[in-house]
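Trainee: My structure is in entry_9.cif, and what it holds is mmCIF, C-alpha atoms:
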```cif
data_coords
loop_
_atom_site.label_atom_id
_atom_site.label_comp_id
_atom_site.auth_asym_id
_atom_site.auth_seq_id
_atom_site.Cartn_x
_atom_site.Cartn_y
_atom_site.Cartn_z
CA MET A 697 -3.66 -35.26 -206.08
CA SER A 698 -4.60 -34.77 -202.43
CA LYS A 699 -2.71 -36.32 -199.54
CA ILE A 700 -4.24 -38.39 -196.75
CA ASN A 701 -4.21 -37.09 -193.20
CA LEU A 702 -3.84 -39.60 -190.37
CA LEU A 703 -5.29 -39.55 -186.89
CA LEU A 704 -3.57 -41.94 -184.48
CA GLY A 705 -3.47 -42.77 -180.79
CA LEU A 706 -0.01 -42.36 -179.23
CA GLN A 707 -0.47 -44.38 -176.04
CA TRP A 708 -2.24 -47.67 -175.18
CA GLY A 709 -5.48 -46.62 -176.84
CA ASP A 710 -8.50 -44.85 -175.32
CA GLU A 711 -6.95 -41.44 -176.04
CA GLY A 712 -10.21 -39.89 -177.26
CA LYS A 713 -9.82 -40.39 -181.01
CA GLY A 714 -13.58 -40.61 -181.65
CA LYS A 715 -14.16 -37.08 -180.42
CA ILE A 716 -11.33 -35.66 -182.53
CA VAL A 717 -12.39 -37.51 -185.67
CA ASP A 718 -15.87 -36.16 -185.15
CA ILE A 719 -14.50 -32.60 -185.00
CA PHE A 720 -12.17 -33.08 -187.98
CA THR A 721 -14.87 -34.71 -190.12
CA GLU A 722 -16.21 -31.30 -191.07
CA GLN A 723 -12.83 -30.58 -192.69
CA HIS A 724 -12.70 -33.87 -194.66
CA ASP A 725 -14.74 -35.53 -197.41
CA VAL A 726 -13.78 -39.14 -196.64
CA ILE A 727 -13.17 -40.89 -193.30
CA ALA A 728 -11.46 -44.29 -193.53
CA ARG A 729 -10.81 -46.94 -190.87
CA PHE A 730 -7.62 -48.85 -191.69
CA GLN A 731 -7.07 -51.52 -189.01
CA GLY A 732 -8.46 -53.29 -185.98
CA GLY A 733 -12.01 -54.39 -185.42
CA PRO A 734 -14.67 -54.39 -182.70
CA ASN A 735 -11.94 -54.62 -180.06
CA ALA A 736 -11.78 -50.83 -180.46
CA GLY A 737 -14.45 -48.39 -179.37
CA HIS A 738 -14.61 -44.74 -180.38
CA THR A 739 -16.85 -42.72 -178.09
CA LEU A 740 -18.60 -39.60 -179.36
CA VAL A 741 -20.74 -37.35 -177.16
CA PHE A 742 -22.96 -34.68 -178.68
CA ASN A 743 -26.53 -33.40 -178.59
CA GLY A 744 -26.99 -35.16 -175.27
CA HIS A 745 -26.28 -38.60 -176.73
CA LYS A 746 -23.31 -40.87 -176.14
CA HIS A 747 -22.38 -43.04 -179.12
CA VAL A 748 -19.80 -45.85 -179.17
CA LEU A 749 -18.65 -47.00 -182.61
CA HIS A 750 -16.65 -50.23 -182.96
CA THR A 751 -16.34 -50.83 -186.69
CA ILE A 752 -18.04 -47.91 -188.40
CA PRO A 753 -15.88 -44.79 -188.97
CA SER A 754 -16.69 -41.77 -186.80
CA GLY A 755 -17.70 -39.63 -189.78
CA ILE A 756 -21.02 -41.45 -190.02
CA PHE A 757 -22.80 -38.68 -188.09
CA HIS A 758 -21.96 -35.99 -190.65
CA ASP A 759 -24.05 -35.33 -193.74
CA LYS A 760 -21.29 -34.89 -196.31
CA ALA A 761 -18.59 -37.37 -195.29
CA MET A 762 -18.20 -40.75 -196.97
CA ASN A 763 -17.04 -43.51 -194.64
CA ILE A 764 -14.82 -46.43 -195.62
CA ILE A 765 -14.11 -49.66 -193.75
CA GLY A 766 -10.70 -50.45 -195.22
CA ASN A 767 -9.02 -53.71 -196.14
CA GLY A 768 -7.00 -53.77 -192.90
CA VAL A 769 -10.11 -53.93 -190.73
CA VAL A 770 -11.65 -57.17 -189.46
CA ILE A 771 -15.46 -57.19 -189.26
CA ASP A 772 -17.77 -59.15 -186.97
CA PRO A 773 -21.11 -59.17 -188.84
CA SER A 774 -23.18 -59.66 -185.68
CA ILE A 775 -21.57 -56.66 -183.96
CA PHE A 776 -21.81 -54.63 -187.16
CA LYS A 777 -25.57 -55.33 -187.27
CA LYS A 778 -26.00 -54.07 -183.69
CA GLU A 779 -24.05 -50.90 -184.52
CA ILE A 780 -26.29 -50.22 -187.49
CA GLU A 781 -29.44 -50.83 -185.41
CA ASN A 782 -28.19 -48.38 -182.77
CA LEU A 783 -27.77 -45.70 -185.45
CA LEU A 784 -31.16 -46.16 -187.13
CA PRO A 785 -33.08 -43.76 -184.81
CA PHE A 786 -30.86 -40.87 -185.94
CA ASN A 787 -31.89 -40.92 -189.64
CA LEU A 788 -28.34 -40.85 -191.00
CA ASN A 789 -28.84 -42.34 -194.50
CA ILE A 790 -26.21 -44.89 -193.53
CA THR A 791 -26.34 -47.02 -196.68
CA GLU A 792 -25.44 -43.97 -198.77
CA LYS A 793 -22.55 -42.90 -196.55
CA LEU A 794 -20.74 -46.17 -195.76
CA VAL A 795 -18.80 -48.48 -198.08
CA ILE A 796 -16.83 -51.62 -197.23
CA SER A 797 -13.63 -52.98 -198.75
CA ARG A 798 -14.02 -56.39 -200.34
CA ASN A 799 -10.58 -57.22 -198.91
CA ALA A 800 -11.62 -56.74 -195.27
CA HIS A 801 -11.63 -60.03 -193.33
CA LEU A 802 -14.63 -61.47 -191.51
CA ILE A 803 -14.67 -62.56 -187.87
CA LEU A 804 -16.49 -65.89 -187.58
CA PRO A 805 -18.23 -67.05 -184.38
CA THR A 806 -15.54 -69.74 -184.09
CA HIS A 807 -12.84 -67.07 -184.10
CA ARG A 808 -14.33 -65.75 -180.87
CA LEU A 809 -14.42 -69.25 -179.39
CA ILE A 810 -10.75 -69.82 -180.22
CA ASP A 811 -9.92 -66.44 -178.69
CA ALA A 812 -11.68 -67.37 -175.45
CA ALA A 813 -10.14 -70.85 -175.28
CA SER A 814 -6.66 -69.48 -175.94
CA GLU A 815 -6.96 -66.82 -173.24
CA VAL A 816 -8.35 -69.24 -170.61
CA SER A 817 -5.60 -71.77 -171.35
CA LYS A 818 -2.91 -69.19 -170.59
CA GLY A 819 -4.00 -68.82 -166.97
CA LYS A 820 -2.00 -66.10 -165.22
CA ALA A 821 -0.03 -65.46 -168.41
CA LYS A 822 -3.12 -64.18 -170.26
CA ILE A 823 -2.56 -61.06 -172.37
CA GLY A 824 -5.85 -59.28 -171.65
CA SER A 825 -7.62 -60.04 -174.92
CA THR A 826 -11.00 -58.39 -175.52
CA LEU A 827 -12.21 -61.86 -176.60
CA LYS A 828 -13.69 -60.46 -179.81
CA GLY A 829 -11.91 -62.97 -182.05
CA ILE A 830 -9.51 -60.37 -183.43
CA GLY A 831 -6.27 -62.31 -182.95
CA PRO A 832 -7.52 -65.58 -184.47
CA THR A 833 -8.96 -63.66 -187.43
CA TYR A 834 -5.64 -61.98 -188.16
CA MET A 835 -3.94 -65.36 -187.70
CA ASP A 836 -6.19 -66.82 -190.41
CA LYS A 837 -5.43 -63.78 -192.55
CA THR A 838 -1.65 -64.27 -192.34
CA GLY A 839 -2.12 -68.04 -192.57
CA ARG A 840 -4.02 -67.52 -195.83
CA ASN A 841 -7.16 -69.23 -194.52
CA GLY A 842 -9.39 -66.22 -193.90
CA LEU A 843 -12.74 -65.26 -195.34
CA ARG A 844 -13.13 -61.79 -196.82
CA VAL A 845 -16.11 -59.59 -197.51
CA GLY A 846 -15.69 -60.19 -201.25
CA ASP A 847 -16.08 -63.93 -200.72
CA MET A 848 -19.76 -63.35 -199.98
CA GLU A 849 -20.30 -62.46 -203.65
CA HIS A 850 -19.00 -65.82 -204.88
CA PRO A 851 -21.00 -69.04 -205.29
CA GLU A 852 -18.64 -71.10 -203.11
CA TRP A 853 -19.08 -68.72 -200.15
CA MET A 854 -20.94 -71.24 -197.94
CA GLU A 855 -18.48 -74.04 -198.73
CA LYS A 856 -15.62 -71.79 -197.67
CA TYR A 857 -17.44 -70.82 -194.49
CA ILE A 858 -18.21 -74.42 -193.50
CA ALA A 859 -14.64 -75.55 -194.20
CA LEU A 860 -13.16 -72.81 -192.00
CA LYS A 861 -15.73 -73.39 -189.25
CA GLU A 862 -14.92 -77.12 -189.16
CA LYS A 863 -11.22 -76.36 -189.03
CA HIS A 864 -11.81 -74.06 -186.04
CA LEU A 865 -13.99 -76.59 -184.19
CA ASN A 866 -11.28 -79.19 -184.63
CA LEU A 867 -8.70 -76.72 -183.32
CA LEU A 868 -10.83 -76.09 -180.22
CA THR A 869 -10.50 -79.75 -179.20
CA HIS A 870 -6.76 -79.19 -178.72
CA TYR A 871 -7.32 -76.67 -175.92
CA ASN A 872 -7.66 -78.19 -172.49
CA VAL A 873 -10.59 -75.95 -171.55
CA LYS A 874 -14.37 -76.27 -171.51
CA LEU A 875 -16.43 -73.59 -173.20
CA ASP A 876 -20.20 -73.28 -172.97
CA TYR A 877 -21.64 -72.11 -176.27
CA ASP A 878 -24.60 -72.64 -178.55
CA MET A 879 -23.26 -72.88 -182.11
CA GLN A 880 -26.72 -72.59 -183.61
CA GLU A 881 -27.39 -69.36 -181.75
CA LEU A 882 -23.96 -67.93 -182.66
CA GLU A 883 -24.46 -68.74 -186.32
CA LYS A 884 -27.95 -67.25 -186.33
CA ALA A 885 -26.54 -63.90 -185.18
CA PHE A 886 -23.63 -64.21 -187.64
CA PHE A 887 -25.78 -64.81 -190.72
CA GLU A 888 -28.24 -62.09 -189.73
CA GLY A 889 -25.21 -59.81 -189.62
CA ILE A 890 -24.13 -61.04 -193.05
CA GLU A 891 -27.50 -59.95 -194.44
CA THR A 892 -26.99 -56.51 -192.89
CA LEU A 893 -23.53 -56.25 -194.44
CA LYS A 894 -24.98 -57.04 -197.86
CA GLN A 895 -27.10 -53.89 -197.67
CA PHE A 896 -23.93 -51.79 -198.09
CA PRO A 897 -21.80 -51.25 -201.20
CA PHE A 898 -18.70 -53.45 -201.37
CA ILE A 899 -15.78 -51.67 -203.06
CA ASP A 900 -12.37 -52.39 -204.52
CA SER A 901 -10.88 -50.06 -201.97
CA VAL A 902 -7.47 -49.35 -203.53
CA GLN A 903 -9.17 -48.03 -206.67
CA TYR A 904 -11.68 -46.10 -204.53
CA MET A 905 -8.97 -44.43 -202.42
CA HIS A 906 -6.80 -43.46 -205.37
CA GLN A 907 -9.81 -42.11 -207.25
CA ALA A 908 -10.71 -39.97 -204.23
CA MET A 909 -7.12 -38.68 -204.04
CA ALA A 910 -7.11 -37.93 -207.78
CA GLU A 911 -10.30 -35.91 -207.29
CA ASP A 912 -8.58 -33.91 -204.52
CA LYS A 913 -10.97 -35.20 -201.88
CA LYS A 914 -9.86 -34.44 -198.32
CA ILE A 915 -9.30 -37.81 -196.66
CA LEU A 916 -8.77 -38.65 -192.99
CA ALA A 917 -7.55 -42.11 -192.03
CA GLU A 918 -8.83 -43.07 -188.59
CA GLY A 919 -6.71 -45.37 -186.46
CA ALA A 920 -8.03 -47.60 -183.68
CA GLN A 921 -6.34 -48.41 -180.35
CA GLY A 922 -2.87 -46.88 -179.85
CA THR A 923 0.76 -46.99 -180.99
CA LEU A 924 1.97 -48.86 -177.89
CA LEU A 925 -0.39 -51.72 -178.85
CA ASP A 926 1.16 -52.09 -182.34
CA ILE A 927 1.99 -55.73 -183.16
CA ASP A 928 5.55 -54.80 -184.18
CA PHE A 929 6.35 -51.79 -182.02
CA GLY A 930 4.14 -52.15 -178.96
CA THR A 931 4.73 -53.80 -175.58
CA TYR A 932 4.74 -57.32 -177.03
CA PRO A 933 3.10 -59.76 -176.30
CA PHE A 934 0.57 -57.45 -174.61
CA VAL A 935 -0.43 -55.89 -177.91
CA THR A 936 -3.14 -56.09 -180.54
CA SER A 937 -2.88 -58.10 -183.76
CA SER A 938 -2.56 -55.23 -186.25
CA ASN A 939 -0.29 -52.29 -187.03
CA THR A 940 -1.77 -49.33 -185.18
CA SER A 941 0.99 -46.93 -186.28
CA ALA A 942 1.19 -44.74 -189.40
CA ALA A 943 2.59 -47.59 -191.49
CA GLY A 944 -0.64 -49.51 -190.88
CA ALA A 945 -2.60 -46.82 -192.72
CA CYS A 946 -0.60 -47.51 -195.89
CA THR A 947 -1.17 -51.29 -195.79
CA GLY A 948 -4.70 -50.98 -194.37
CA LEU A 949 -5.94 -48.70 -197.14
CA GLY A 950 -3.56 -49.36 -200.03
CA VAL A 951 -1.99 -45.90 -200.15
CA PRO A 952 1.73 -45.15 -200.64
CA PRO A 953 3.82 -43.49 -197.89
CA ASN A 954 4.48 -40.39 -200.01
CA GLN A 955 0.74 -39.65 -200.02
CA ILE A 956 0.57 -39.16 -196.24
CA GLY A 957 -0.01 -35.53 -195.24
CA GLU A 958 -0.61 -34.36 -191.67
CA VAL A 959 -0.23 -36.89 -188.87
CA PHE A 960 -2.40 -35.93 -185.91
CA GLY A 961 -1.17 -37.64 -182.74
CA ILE A 962 -3.75 -37.99 -179.96
CA MET A 963 -2.57 -38.22 -176.35
CA LYS A 964 -4.13 -37.98 -172.92
CA ALA A 965 -2.78 -35.52 -170.35
CA TYR A 966 -1.95 -38.65 -168.35
CA THR A 967 -1.59 -42.34 -169.26
CA THR A 968 -4.05 -45.22 -169.14
CA ARG A 969 -4.00 -48.88 -170.04
CA VAL A 970 -6.69 -51.59 -170.18
CA GLY A 971 -5.88 -55.22 -169.39
CA SER A 972 -2.52 -56.84 -168.77
CA GLY A 973 0.96 -55.62 -169.65
CA PRO A 974 3.74 -53.42 -168.27
CA PHE A 975 2.92 -49.84 -167.28
CA PRO A 976 5.90 -47.98 -165.73
CA THR A 977 4.03 -44.87 -164.52
CA GLU A 978 0.95 -46.66 -163.15
CA LEU A 979 -0.50 -45.17 -159.96
CA PHE A 980 -1.86 -47.32 -157.13
CA ASP A 981 -2.75 -44.48 -154.75
CA GLU A 982 -5.63 -42.05 -154.25
CA ILE A 983 -4.43 -39.84 -157.12
CA GLY A 984 -4.69 -42.75 -159.54
CA GLU A 985 -8.17 -43.50 -158.21
CA LYS A 986 -9.18 -39.84 -158.54
CA ILE A 987 -8.03 -39.72 -162.16
CA ALA A 988 -9.94 -42.91 -162.93
CA GLN A 989 -13.18 -41.62 -161.38
CA ILE A 990 -13.10 -38.07 -162.76
CA GLY A 991 -11.92 -39.28 -166.18
CA ASN A 992 -14.56 -42.05 -166.25
CA GLU A 993 -11.82 -44.47 -167.17
CA PHE A 994 -13.74 -47.54 -168.18
CA GLY A 995 -13.23 -49.30 -171.51
CA SER A 996 -15.81 -48.33 -174.15
CA THR A 997 -15.67 -51.85 -175.64
CA THR A 998 -15.19 -54.08 -172.59
CA GLY A 999 -16.31 -51.89 -169.70
CA ARG A 1000 -13.12 -52.87 -167.89
CA LYS A 1001 -11.64 -50.31 -165.51
CA ARG A 1002 -8.58 -48.66 -167.01
CA ARG A 1003 -5.31 -48.52 -165.12
CA CYS A 1004 -4.19 -44.90 -164.67
CA GLY A 1005 -0.78 -43.28 -164.27
CA TRP A 1006 1.34 -40.22 -164.85
CA LEU A 1007 2.22 -39.00 -168.33
CA ASP A 1008 5.11 -40.99 -169.84
CA LEU A 1009 7.03 -38.71 -172.22
CA VAL A 1010 9.64 -41.33 -173.07
CA ALA A 1011 6.95 -43.61 -174.47
CA LEU A 1012 5.24 -40.65 -176.15
CA LYS A 1013 8.45 -39.58 -177.88
CA TYR A 1014 8.85 -43.12 -179.20
CA ALA A 1015 5.31 -42.96 -180.61
CA VAL A 1016 5.92 -39.52 -182.13
CA GLN A 1017 9.06 -40.80 -183.88
CA LEU A 1018 7.36 -43.96 -185.17
CA ASN A 1019 4.45 -42.08 -186.65
CA GLY A 1020 6.08 -38.88 -187.88
CA VAL A 1021 3.58 -36.85 -185.86
CA THR A 1022 3.12 -33.29 -187.13
CA GLN A 1023 0.50 -32.07 -184.64
CA LEU A 1024 -0.27 -33.05 -181.04
CA LEU A 1025 -3.79 -33.08 -179.61
CA MET A 1026 -4.10 -33.47 -175.83
CA MET A 1027 -7.26 -34.89 -174.33
CA LYS A 1028 -8.68 -34.77 -170.80
CA ALA A 1029 -6.64 -31.85 -169.46
CA ASP A 1030 -9.67 -31.12 -167.26
CA VAL A 1031 -9.25 -34.42 -165.40
CA LEU A 1032 -5.95 -33.26 -163.85
CA SER A 1033 -7.49 -30.09 -162.35
CA GLY A 1034 -7.12 -30.05 -158.56
CA ILE A 1035 -3.86 -32.03 -158.28
CA ASP A 1036 -1.16 -29.93 -156.58
CA ILE A 1037 1.93 -31.58 -158.06
CA LEU A 1038 1.97 -33.39 -161.41
CA LYS A 1039 4.69 -35.89 -162.22
CA VAL A 1040 5.91 -36.51 -165.75
CA CYS A 1041 8.23 -39.38 -166.68
CA THR A 1042 11.20 -37.93 -168.60
CA SER A 1043 13.63 -40.88 -168.52
CA TYR A 1044 13.93 -44.49 -167.35
CA LYS A 1045 16.30 -46.30 -165.03
CA TYR A 1046 16.93 -49.44 -167.10
CA ASN A 1047 19.12 -52.15 -165.58
CA GLY A 1048 20.64 -49.49 -163.35
CA GLU A 1049 21.42 -47.09 -166.21
CA GLU A 1050 19.44 -43.94 -167.00
CA ILE A 1051 18.14 -43.93 -170.58
CA ASN A 1052 15.98 -41.59 -172.65
CA HIS A 1053 14.62 -44.04 -175.21
CA PHE A 1054 11.95 -46.76 -175.22
CA PRO A 1055 13.78 -50.08 -174.73
CA PHE A 1056 13.04 -53.66 -175.78
CA SER A 1057 11.28 -54.38 -172.48
CA ILE A 1058 9.63 -52.07 -169.95
CA ASP A 1059 8.92 -54.80 -167.39
CA ASP A 1060 8.88 -53.64 -163.77
CA ASP A 1061 11.85 -55.78 -162.77
CA LEU A 1062 14.05 -54.09 -165.39
CA LEU A 1063 12.81 -50.53 -165.47
CA GLN A 1064 11.73 -47.68 -163.19
CA PRO A 1065 10.46 -44.26 -164.30
CA VAL A 1066 12.40 -41.08 -163.51
CA TYR A 1067 10.07 -38.14 -162.90
CA THR A 1068 10.10 -34.38 -163.32
CA GLU A 1069 7.61 -32.52 -161.12
CA LEU A 1070 5.44 -29.67 -162.39
CA LYS A 1071 2.91 -27.48 -160.62
CA GLY A 1072 -0.70 -28.51 -161.07
CA TRP A 1073 -3.71 -26.26 -161.63
CA HIS A 1074 -7.00 -25.93 -159.78
CA LYS A 1075 -9.18 -24.07 -162.27
CA ASP A 1076 -12.29 -25.79 -163.63
CA LEU A 1077 -11.56 -25.99 -167.36
CA SER A 1078 -15.00 -27.13 -168.53
CA GLU A 1079 -16.11 -23.65 -169.66
CA VAL A 1080 -12.79 -22.53 -171.15
CA LYS A 1081 -13.10 -21.43 -174.80
CA GLU A 1082 -9.75 -19.74 -175.51
CA PRO A 1083 -6.12 -20.59 -174.61
CA SER A 1084 -5.83 -17.17 -172.95
CA GLU A 1085 -8.21 -18.53 -170.29
CA PHE A 1086 -5.90 -21.44 -169.40
CA PRO A 1087 -4.19 -21.27 -166.01
CA ALA A 1088 -0.44 -20.53 -166.24
CA GLU A 1089 0.37 -24.00 -164.87
CA LEU A 1090 -1.50 -25.71 -167.70
CA MET A 1091 0.34 -23.62 -170.29
CA GLU A 1092 3.64 -24.60 -168.64
CA TYR A 1093 2.56 -28.27 -168.79
CA ILE A 1094 1.75 -27.93 -172.50
CA GLN A 1095 5.03 -26.13 -173.28
CA PHE A 1096 7.03 -28.74 -171.34
CA ILE A 1097 5.46 -31.51 -173.45
CA GLU A 1098 6.02 -29.62 -176.71
CA LYS A 1099 9.68 -28.98 -175.92
CA TYR A 1100 10.35 -32.61 -174.95
CA LEU A 1101 8.59 -34.06 -178.00
CA ASN A 1102 9.62 -31.28 -180.41
CA VAL A 1103 6.07 -31.14 -181.82
CA LYS A 1104 3.51 -28.36 -181.53
CA MET A 1105 0.23 -28.96 -179.72
CA THR A 1106 -2.77 -27.66 -181.66
CA TYR A 1107 -5.81 -28.73 -179.61
CA VAL A 1108 -6.55 -29.32 -175.92
CA SER A 1109 -9.74 -31.04 -174.79
CA VAL A 1110 -11.34 -29.65 -171.62
CA GLY A 1111 -14.39 -31.93 -171.30
CA PRO A 1112 -16.22 -34.90 -172.87
CA ASP A 1113 -18.57 -32.96 -175.18
CA ARG A 1114 -17.49 -32.38 -178.79
CA LYS A 1115 -17.60 -28.59 -178.17
CA GLN A 1116 -15.30 -28.75 -175.16
CA ILE A 1117 -12.04 -28.36 -177.06
CA VAL A 1118 -9.68 -25.40 -177.37
CA LYS A 1119 -7.63 -24.65 -180.47
CA LEU A 1120 -4.13 -23.43 -179.64
CA MET A 1121 -2.78 -22.45 -183.04
CA SER A 1122 -3.67 -22.40 -186.73
#
```
So, in terms of structure tokens, how does the structure I just supplied come out?
Mentor:
Amino acid sequence: MSKINLLLGLQWGDEGKGKIVDIFTEQHDVIARFQGGPNAGHTLVFNGHKHVLHTIPSGIFHDKAMNIIGNGVVIDPSIFKKEIENLLPFNLNITEKLVISRNAHLILPTHRLIDAASEVSKGKAKIGSTLKGIGPTYMDKTGRNGLRVGDMEHPEWMEKYIALKEKHLNLLTHYNVKLDYDMQELEKAFFEGIETLKQFPFIDSVQYMHQAMAEDKKILAEGAQGTLLDIDFGTYPFVTSSNTSAAGACTGLGVPPNQIGEVFGIMKAYTTRVGSGPFPTELFDEIGEKIAQIGNEFGSTTGRKRRCGWLDLVALKYAVQLNGVTQLLMMKADVLSGIDILKVCTSYKYNGEEINHFPFSIDDDLLQPVYTELKGWHKDLSEVKEPSEFPAELMEYIQFIEKYLNVKMTYVSVGPDRKQIVKLMS
């Protein structure tokens, strides 16, 4: 029986997972999304085209790979329909390469309305929601009120939908905010999306996954967002509503922990964050602005400008420990070219005491980063094909990270295209 490899983000998301999944797809037979929803966006750039996938696994562009939307994912039918329409010009035989778990939950239009009302009502205390209805959908899931993909196959589907919609509309009256929306228009898009969903095979995903493992299929579980956004282990309450760490792959696909193989941890050469929440190494100077511009740091889902800062190795070590990372993959090394001195956070001053672990709170009033300085590099990395072509300073940066995290780095990305990546070791 084959084991399942995991690919996870180790920071606050946006690490470049889409590109890596795209590269690894050629080595795997099945690509499975296990959590999150259209609040995530995986960007793939190849053959002159930029593609952003929100719900569909990144293996959809490859001829041989089967793609699974797992039970831990939440699906917005209207967004799913748009994704499918965007892929149609590329002749991908999508209906033969994508299957959907019956246990995956559906995002209703009213989930998005509740999300918006909740965020507006918080005022300055808002958490930076993407307003995609993710949180309210997971709340209905844990509250045992949600609608699942499999419900669409049952005769009482519409009754269930109407009952949940009415419950949501009643809930909206309790928020002291005014929302402008056209329910008829929202439902039109929703039900058109439902018809698109019905064009794809619905599966009992636990049986499907275990059958694939029994047949020794090579399976890659694709995570969305990042470890520091995990509902249990992230910077709560500025987190997402699902488990973005390795444990989430087990519950989001129905596979046991002893069937996990390699854990590929994706990191950026620096740190970014979208929306609200603490960020100890955030930069507010011209270096931070330079990183943002060169790195094109704008959210693939929301378009929001990402906050940029130095690499935080304390937070990264925490993520490595949580996930049992076996291989590191560093993205966007090229973005740091041209900076004379690079700072790396190697410990925190927490309530006046220096610590080396990720604490309960990393709020600015409690914590300050302690930096180690390393020499930067000036070489343009975009044409580099072999590690022997790396500047000595970049190799020192890589080795410093490996030693601190006690994990080997196997790939370094040197540009946005899928071919701009250098393999360090076998």
Trainee: Starting from the PyMOL selection byres ((chain A and resi 706-710) around 10), expand the selection into actual residues of this file and give them as a PyMOL selection string.
Mentor: chain A and resi 703-705+711-714+736-739+919-926+930-931+935+940-941+960-964+966-970+975+993-996+1002+1007-1008+1011-1016+1018-1019+1021+1024
Trainee: Hey, what's within 7 Å of range 881-893 of chain A if we count all atoms listed in the file and toss same-chain stuff fewer than 5 positions away? As number ranges by chain, please?
Mentor: A: 773-774, 776-777, 805
Trainee: Pull C-alpha atoms from the residues just selected and write them as a PDB file, in the coordinates of the input.
Mentor:
```pdb
ATOM      1  CA  PRO A 773     -21.110 -59.170-188.840  1.00  0.00           C
ATOM      2  CA  SER A 774     -23.180 -59.660-185.680  1.00  0.00           C
ATOM      3  CA  PHE A 776     -21.810 -54.630-187.160  1.00  0.00           C
ATOM      4  CA  LYS A 777     -25.570 -55.330-187.270  1.00  0.00           C
ATOM      5  CA  PRO A 805     -18.230 -67.050-184.380  1.00  0.00           C
TER       6      PRO A 805
END
```
Trainee: Need the neighbours of (-14.7, -32.5, -182.7): which residues are at most 10 Å away, counting all atoms listed in the file, as an NGL selection string?
Mentor: :A and (713-722 or 740-742 or 1109 or 1113-1117)
Trainee: Could you tell me which of A:Lys1039, A:His906, A:Arg1003, A:His850 comes closest to Glu978 in chain A if we count all atoms listed in the file?
Mentor: A:Arg1003
Trainee: My list of candidates is A:Asp878, A:Ser937, A:Gln895, A:Lys861. Which is closest to Thr791 in chain A when distances are computed with all atoms listed in the file?
Mentor: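 Checking each of A:Asp878, A:Ser937, A:Gln895, A:Lys861 against Thr791 in chain A, counting all atoms listed in the file, the winner is A:Gln895.
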Trainee: Within 10 Å of Val795 in chain A, counting all atoms listed in the file, which residues show up once you throw out same-chain ones fewer than 4 positions away? Write them as a PyMOL selection string, please.
Mentor: chain A and resi 728+752+762-766+790-791+893+895-901+904
Trainee: Specify as number ranges by chain each residue included when the PyMOL selection byres ((chain A and resi 1050) around 12) is applied to this file.
Mentor: A: 1010, 1042-1049, 1051-1055, 1062-1067
Trainee: Could you turn the residues from that selection into a file that holds C-alpha atoms, as an mmCIF file, in the frame of the given file?
Mentor:
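Output file again.cif follows:
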```cif
data_model
loop_
_atom_site.group_PDB
_atom_site.id
_atom_site.type_symbol
_atom_site.label_atom_id
_atom_site.label_comp_id
_atom_site.auth_asym_id
_atom_site.auth_seq_id
_atom_site.Cartn_x
_atom_site.Cartn_y
_atom_site.Cartn_z
ATOM 1 C CA VAL A 1010 9.640 -41.330 -173.070
ATOM 2 C CA THR A 1042 11.200 -37.930 -168.600
ATOM 3 C CA SER A 1043 13.630 -40.880 -168.520
ATOM 4 C CA TYR A 1044 13.930 -44.490 -167.350
ATOM 5 C CA LYS A 1045 16.300 -46.300 -165.030
ATOM 6 C CA TYR A 1046 16.930 -49.440 -167.100
ATOM 7 C CA ASN A 1047 19.120 -52.150 -165.580
ATOM 8 C CA GLY A 1048 20.640 -49.490 -163.350
ATOM 9 C CA GLU A 1049 21.420 -47.090 -166.210
ATOM 10 C CA ILE A 1051 18.140 -43.930 -170.580
ATOM 11 C CA ASN A 1052 15.980 -41.590 -172.650
ATOM 12 C CA HIS A 1053 14.620 -44.040 -175.210
ATOM 13 C CA PHE A 1054 11.950 -46.760 -175.220
ATOM 14 C CA PRO A 1055 13.780 -50.080 -174.730
ATOM 15 C CA LEU A 1062 14.050 -54.090 -165.390
ATOM 16 C CA LEU A 1063 12.810 -50.530 -165.470
ATOM 17 C CA GLN A 1064 11.730 -47.680 -163.190
ATOM 18 C CA PRO A 1065 10.460 -44.260 -164.300
ATOM 19 C CA VAL A 1066 12.400 -41.080 -163.510
ATOM 20 C CA TYR A 1067 10.070 -38.140 -162.900
#
```
Trainee: Hey, which of A:Met854, A:Met1027, A:Leu784, A:Leu875 ends up closest to Met1105 in chain A? Count all atoms listed in the file.
Mentor: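 Among the listed residues, the smallest separation from Met1105 in chain A belongs to A:Met1027.
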Trainee: From (0.6, -47.1, -196.2), in the file's coordinates, out to 12 Å: which residues are reached, counting only C-alpha atoms? Answer as a ChimeraX atom specification.
Mentor: /A:699-702,730-731,766-768,902,905,917,939-957,1019
Trainee: Do you have the CA of Leu1070 in chain A-CA of Trp1006 in chain A distance handy?
Mentor: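 Atom-to-atom, CA of Leu1070 in chain A to CA of Trp1006 in chain A, that is 11.6 Å.
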